[in-house]
Structures are given as C-alpha cells and as structure tokens.
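The structure appears below as structure tokens.
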Amino acid sequence: MAKHDVEGGSFAAKDYHDPPPAPLIDAEELTQWSFYRALIAEFIATMLFLYITVLTVIGYKSQSDVKAGGDVCGGVGILGIAWAFGGMIFILVYCTAGISGGHINPAVTFGLFLARKVSLIRAIMYMVAQCLGAICGVGLVKAFQKAYYNRYGGGANELSEGYSTGVGLGAEIIGTFVLVYTVFSATDPKRNARDSHVPVLAPLPIGFAVFMVHLATIPVTGTGINPARSLGAAVMYNQQKAWDDHWIFWVGPFIGAAIAAFYHQFILRAGAAKALGSFRSNPAI
C-alpha cells in the first residue's frame with residue numbers, strides 16, 4: 001500500500017483495482033433477486049423525485065400567481081426549485097446507491113452503459129423502471145392537486161418563448177454533460193483510491209451539479225437533463241406544446257451523457273491510449 005506525504009505527515013493510499021467492464025449481455029442477472037431489488041429501488045426513487053420536485057414547481061407557480069391573489073415574490077422562487085431538484089437527488093442517490101447505483105435518470109444510465117459500467121439488459125430495465133416511476137410520481141401530484149396541476153403547466157418541460165430549438169438543445173446537452181461528468185468523477189474508483197485521505201460523499205457533488213444546472217437552464221427549458229422526468233410530466237400533462245418539444249429532452253441528455261462518458265473514460269482515464277497499447281515512444285526507434 002503506497003505512502004504519500006501530506007504537510008509533513010503521511011497517509012496510506014488505498015490499493016486500486018480497476019473493475020472489469022460489465023458484459024454487454026448478462027442474462028444471469030435476470031435470475032438474481034438483487035437485480036429486481038435494484039429495479040424497484042430505481043422505480044421508487046424516481047417516483048419520489050418527481051413527486052417532490054413537480055409539487056414544488058406547482059406550489060411556486062400558484063403562490064406567485066398575481067391573478068389568483070398570489071404575490072409575485074411569493075413561493076420558493078427559481079432558487080428554491082433548483083434546491084428541490086438538487087436536494088432530492090442528493091437524498092435519493094444516498095439512499096439507493098448501495099442497492100441500484102442510484103441512477104434515477106436514463107441519461108446517467110446511458111452514460112454508464114457506454115462506459116461499460118452496466119450491462120445492456122440492466123440499462124434498458126433501469127430506464128423502463130425510471131420512466132414508469134416518473135409517470136407515477138407526476139400522477140400522484142395530479143391526483144392530489146388536479147386543479148393546480150392543469151392550471152400551472154404540470155411541471156412539463158417546454159422550450160421557453162424567445163429561445164430557439166438549437167439553444168434549448170444545447171442547454172440540455174451541456175447541462176447533462178455537467179451532471180454525468182460529475183457522476184463519473186464522484187464515483188471513480190481510481191480517484192477514491194488516490195484521494196482516500198480526502199473523504200468525498202458522492203451524492204453531494206451530484207446533487208450540487210443538478211442544483212447548479214437548474215439555476216442556469218430553468219429559464220430556457222425548465223431544465224430536463226433527465227428524460228424520465230420530462231416523460232413523466234409530458235404524459236400526465238398531455239398538451240401539444242410539451243409533446244412538440246419533447247424530443248429535445250431525450251436527444252439532448254443522451255448526447256450530453258455520451259460526451260461525458262467519452263471525455264471521462266477516454267480522455268481523463270486515457271482509455272483511448274490503453275486501447276491502442278500506449279502513446280509512449282518506442283526507445284528502439
């Protein structure tokens with residue numbers, strides 16, 4: 001176990017072993033209870049995520065609606081909405097990381113699949129569970145507050161007036177890149193081994209990434225960066241504008257996740273160099 005000096009002292013770095021890549025198809029997973037337990041965890045976590053966050057959005061809009069007797073400065077504001085999304089991700093990733101990995105987002109699952117952290121079967125089933133959980137979560141909001149839900153947009157993601165499709169797509173790509181890049185960095189086993197003297201609670205930076213992206217992109221798209229979140233709201237709200245813009249909230253996050261996976265695995269972790277053998281020059285030349 002390697003020793004490193006830190007301000008005159010020393011600390012022991014953990015031994016590092018790069019985990020083997022997940023198989024593309026792992027049919028054996030379908031016979032394991034832990035696999036179905038993980039699906040349930042993803043479903044429940046995404047349902048709770050959508051229930052709390054969409055309820056926060058609806059509550060803010062109702063409290064700040066001047067026509068309905070509200071105060072234009074009332075409610076939690078955009079800052080509070082961003083905190084709701086980021087805080088719930090922090091809580092739910094912390095609760096489910098040891099069971100399912102705490103994805104709660106098809107874009108995160110897609111990025112991890114591209115990096116061969118999960119199998120194709122697990123990735124597809126996670127996405128299904130997440131989407132179903134999102135639909136159920138928004139469905140609970142609509143069931144409990146149907147009048148407010150329909151009146152205030154149902155928490156659906158739509159491209160805001162004055163912004164082009166390209167701007168909206170770019171916001172979703174960059175926002176998802178920030179999130180998925182943070183997920184890779186916070187859960188990188190090599191980093192955890194190298195910086196073992198600096199304890200990092202992985203859900204914390206992931207939650208903060210969601211918080212910061214929401215602050216930046218709520219005015220543009222309402223902030224998707226999570227296709228399940230966008231799908232759940234679109235299904236329950238079921239208005240033409242939400243469906244017209246819906247493709248942005250799948251294409252953008254998946255592109256952003258793919259770029260983040262490539263950047264982390266092939267640039268920062270030198271996956272491309274390892275695949276080619278090495279970039280070191282041959283001394284015999």
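Here's how to read the names in the structure tokens: chain A, B, ... by the order shown, residue numbers from 1 in each chain, ligand numbers from 1 in the order shown.
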Write out as a tab-separated table a residue-level contact list of stretch 100-189 of chain A versus stretch 198-218 of chain A with cut-off 12 Å: for each qualifying residue the closest pair of atoms and the distance in Å to one decimal, counting only C-alpha atoms, rows sorted by chain and residue number upward.
residue	atom	partner	partner_atom	distance
A:Gly101	CA	A:Pro203	CA	10.6
A:Gly102	CA	A:Pro203	CA	8.9
A:His103	CA	A:Ile206	CA	10.6
A:Ile104	CA	A:Ile206	CA	11.7
A:Asn105	CA	A:Val210	CA	11.5
A:Val108	CA	A:Ile206	CA	11.0
A:Gly155	CA	A:Ile218	CA	11.3
A:Ala156	CA	A:Ile218	CA	11.6
A:Asn157	CA	A:Ile218	CA	9.3
A:Glu158	CA	A:Ile218	CA	10.1
A:Leu159	CA	A:Ile218	CA	9.9
A:Ser160	CA	A:Ile218	CA	9.1
A:Tyr163	CA	A:Thr217	CA	11.4
A:Val167	CA	A:Thr217	CA	10.3
A:Gly168	CA	A:Thr217	CA	8.7
A:Leu169	CA	A:Thr217	CA	10.9
A:Gly170	CA	A:Thr217	CA	10.2
A:Ala171	CA	A:Thr217	CA	6.5
A:Glu172	CA	A:Thr217	CA	8.0
A:Ile173	CA	A:Thr217	CA	11.0
A:Ile174	CA	A:Val213	CA	8.8
A:Gly175	CA	A:Val213	CA	5.6
A:Thr176	CA	A:Val213	CA	8.3
A:Phe177	CA	A:Val213	CA	10.0
A:Val178	CA	A:Ala209	CA	6.7
A:Leu179	CA	A:Ala209	CA	5.6
A:Val180	CA	A:Ile206	CA	8.5
A:Tyr181	CA	A:Ile206	CA	9.3
A:Thr182	CA	A:Ile206	CA	5.9
A:Val183	CA	A:Ile206	CA	6.0
A:Phe184	CA	A:Ile206	CA	9.6
A:Ser185	CA	A:Ala202	CA	8.8
A:Ala186	CA	A:Ala202	CA	5.1
A:Thr187	CA	A:Ala202	CA	6.4
A:Asp188	CA	A:Ala202	CA	9.6
A:Pro189	CA	A:Ala202	CA	11.3
Prev. selection, C-alpha atoms, output as a CSV table (one decimal), in the first residue's frame:
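Result went into result_27.csv, see below:
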chain,number,residue,atom,x,y,z
A,101,GLY,CA,-26.2,2.6,-8.0
A,102,GLY,CA,-28.7,5.5,-7.6
A,103,HIS,CA,-29.1,6.4,-11.3
A,104,ILE,CA,-32.6,7.9,-11.2
A,105,ASN,CA,-32.1,9.2,-14.7
A,108,VAL,CA,-27.0,8.7,-16.3
A,155,GLY,CA,-44.2,20.8,-14.4
A,156,ALA,CA,-43.8,19.8,-18.0
A,157,ASN,CA,-40.6,20.7,-19.8
A,158,GLU,CA,-41.1,23.1,-22.7
A,159,LEU,CA,-38.8,25.4,-24.7
A,160,SER,CA,-39.4,28.9,-23.3
A,163,TYR,CA,-35.3,30.7,-27.3
A,167,VAL,CA,-30.4,27.0,-27.8
A,168,GLY,CA,-32.7,24.6,-25.9
A,169,LEU,CA,-30.9,21.5,-27.3
A,170,GLY,CA,-27.5,23.0,-26.4
A,171,ALA,CA,-28.7,23.8,-22.9
A,172,GLU,CA,-29.8,20.2,-22.4
A,173,ILE,CA,-26.6,18.8,-23.8
A,174,ILE,CA,-24.3,20.9,-21.7
A,175,GLY,CA,-26.4,20.5,-18.6
A,176,THR,CA,-26.5,16.8,-18.8
A,177,PHE,CA,-22.7,16.7,-19.6
A,178,VAL,CA,-22.1,18.6,-16.3
A,179,LEU,CA,-24.3,16.1,-14.4
A,180,VAL,CA,-22.9,12.9,-15.9
A,181,TYR,CA,-19.3,14.1,-15.8
A,182,THR,CA,-19.9,14.7,-12.1
A,183,VAL,CA,-21.3,11.2,-11.6
A,184,PHE,CA,-18.2,9.7,-13.2
A,185,SER,CA,-15.8,11.8,-11.2
A,186,ALA,CA,-17.6,11.3,-7.9
A,187,THR,CA,-17.8,7.5,-8.3
A,188,ASP,CA,-14.4,7.0,-10.0
A,189,PRO,CA,-12.7,4.1,-8.0
* Asked: When DSSP works through the backbone of this structure, what residues of stretch 147-227 of chain A end up as alpha helix (DSSP H), shown as an NGL selection string?
  -> :A and (147-151 or 165-186 or 189-194 or 203-221 or 227)
* Selection: 8 Å around A:Val138, only C-alpha atoms, excl. self and same-chain fewer than 6 positions, as a PyMOL selection string -> chain A and resi 47+50-51+54+232-233+236
Go ahead and save the residues from that selection, with N, CA and C atoms, as an mmCIF file, in the first residue's frame.
data_model
loop_
_atom_site.group_PDB
_atom_site.id
_atom_site.type_symbol
_atom_site.label_atom_id
_atom_site.label_comp_id
_atom_site.auth_asym_id
_atom_site.auth_seq_id
_atom_site.Cartn_x
_atom_site.Cartn_y
_atom_site.Cartn_z
ATOM 1 N N MET A 47 -39.983 7.919 -8.666
ATOM 2 C CA MET A 47 -41.334 8.350 -8.315
ATOM 3 C C MET A 47 -41.291 9.435 -7.240
ATOM 4 N N LEU A 50 -39.892 12.798 -8.687
ATOM 5 C CA LEU A 50 -40.859 13.575 -9.473
ATOM 6 C C LEU A 50 -41.974 14.127 -8.595
ATOM 7 N N TYR A 51 -42.408 13.361 -7.611
ATOM 8 C CA TYR A 51 -43.490 13.832 -6.751
ATOM 9 C C TYR A 51 -43.076 15.116 -6.017
ATOM 10 N N VAL A 54 -41.995 18.182 -8.799
ATOM 11 C CA VAL A 54 -43.113 18.758 -9.557
ATOM 12 C C VAL A 54 -44.084 19.457 -8.612
ATOM 13 N N GLY A 232 -42.409 11.763 -17.736
ATOM 14 C CA GLY A 232 -43.466 11.660 -16.741
ATOM 15 C C GLY A 232 -44.378 12.872 -16.748
ATOM 16 N N ALA A 233 -43.786 14.064 -16.818
ATOM 17 C CA ALA A 233 -44.584 15.288 -16.829
ATOM 18 C C ALA A 233 -45.368 15.427 -18.133
ATOM 19 N N MET A 236 -48.497 13.003 -18.192
ATOM 20 C CA MET A 236 -49.603 13.386 -17.322
ATOM 21 C C MET A 236 -50.205 14.736 -17.718
#
* To do: Using only C-alpha atoms, determine which residues lie at most 9 Å from A:Glu29, disregarding the query and same-chain residues fewer than 4 positions distant; provide the list as a list of chain:residue names.
  => A:Trp33, A:Ser34, A:Phe35, A:Tyr36, A:Ile121, A:Arg122
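Among the candidates A:Val235, A:Leu268, A:Ile58, A:Ile255, the one nearest to A:Ala107 when counting only C-alpha atoms is A:Ile255.
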* Residues within 10 Å of A:Thr53, only C-alpha atoms, excluding chain neighbours under 2 positions, as JSON, numbers by chain -> {"A": [48, 49, 50, 51, 55, 56, 57, 58, 59, 81, 82, 83, 84, 85, 86, 87, 88, 137, 138, 141, 155, 229]}
Just-selected residues, C-alpha atoms written as a PDB file, in the first residue's frame:
ATOM      1  CA  LEU A  48     -40.391  10.213  -5.124  1.00  0.00           C
ATOM      2  CA  PHE A  49     -38.104  12.525  -7.087  1.00  0.00           C
ATOM      3  CA  LEU A  50     -40.859  13.575  -9.473  1.00  0.00           C
ATOM      4  CA  TYR A  51     -43.490  13.832  -6.751  1.00  0.00           C
ATOM      5  CA  LEU A  55     -45.130  19.556  -6.441  1.00  0.00           C
ATOM      6  CA  THR A  56     -42.567  22.259  -5.648  1.00  0.00           C
ATOM      7  CA  VAL A  57     -42.893  23.728  -9.144  1.00  0.00           C
ATOM      8  CA  ILE A  58     -46.699  23.755  -8.984  1.00  0.00           C
ATOM      9  CA  GLY A  59     -46.637  25.265  -5.500  1.00  0.00           C
ATOM     10  CA  ILE A  81     -36.944  24.913  -7.244  1.00  0.00           C
ATOM     11  CA  ALA A  82     -33.272  24.285  -8.021  1.00  0.00           C
ATOM     12  CA  TRP A  83     -32.701  23.310  -4.392  1.00  0.00           C
ATOM     13  CA  ALA A  84     -35.652  20.914  -4.524  1.00  0.00           C
ATOM     14  CA  PHE A  85     -34.237  19.097  -7.553  1.00  0.00           C
ATOM     15  CA  GLY A  86     -30.658  19.050  -6.293  1.00  0.00           C
ATOM     16  CA  GLY A  87     -31.627  18.179  -2.742  1.00  0.00           C
ATOM     17  CA  MET A  88     -33.832  15.282  -3.769  1.00  0.00           C
ATOM     18  CA  GLY A 137     -44.745  10.341  -9.355  1.00  0.00           C
ATOM     19  CA  VAL A 138     -46.305  13.042 -11.512  1.00  0.00           C
ATOM     20  CA  VAL A 141     -49.183  15.188  -7.956  1.00  0.00           C
ATOM     21  CA  GLY A 155     -44.240  20.765 -14.370  1.00  0.00           C
ATOM     22  CA  ARG A 229     -38.534  13.450 -15.565  1.00  0.00           C
TER      23      ARG A 229
END
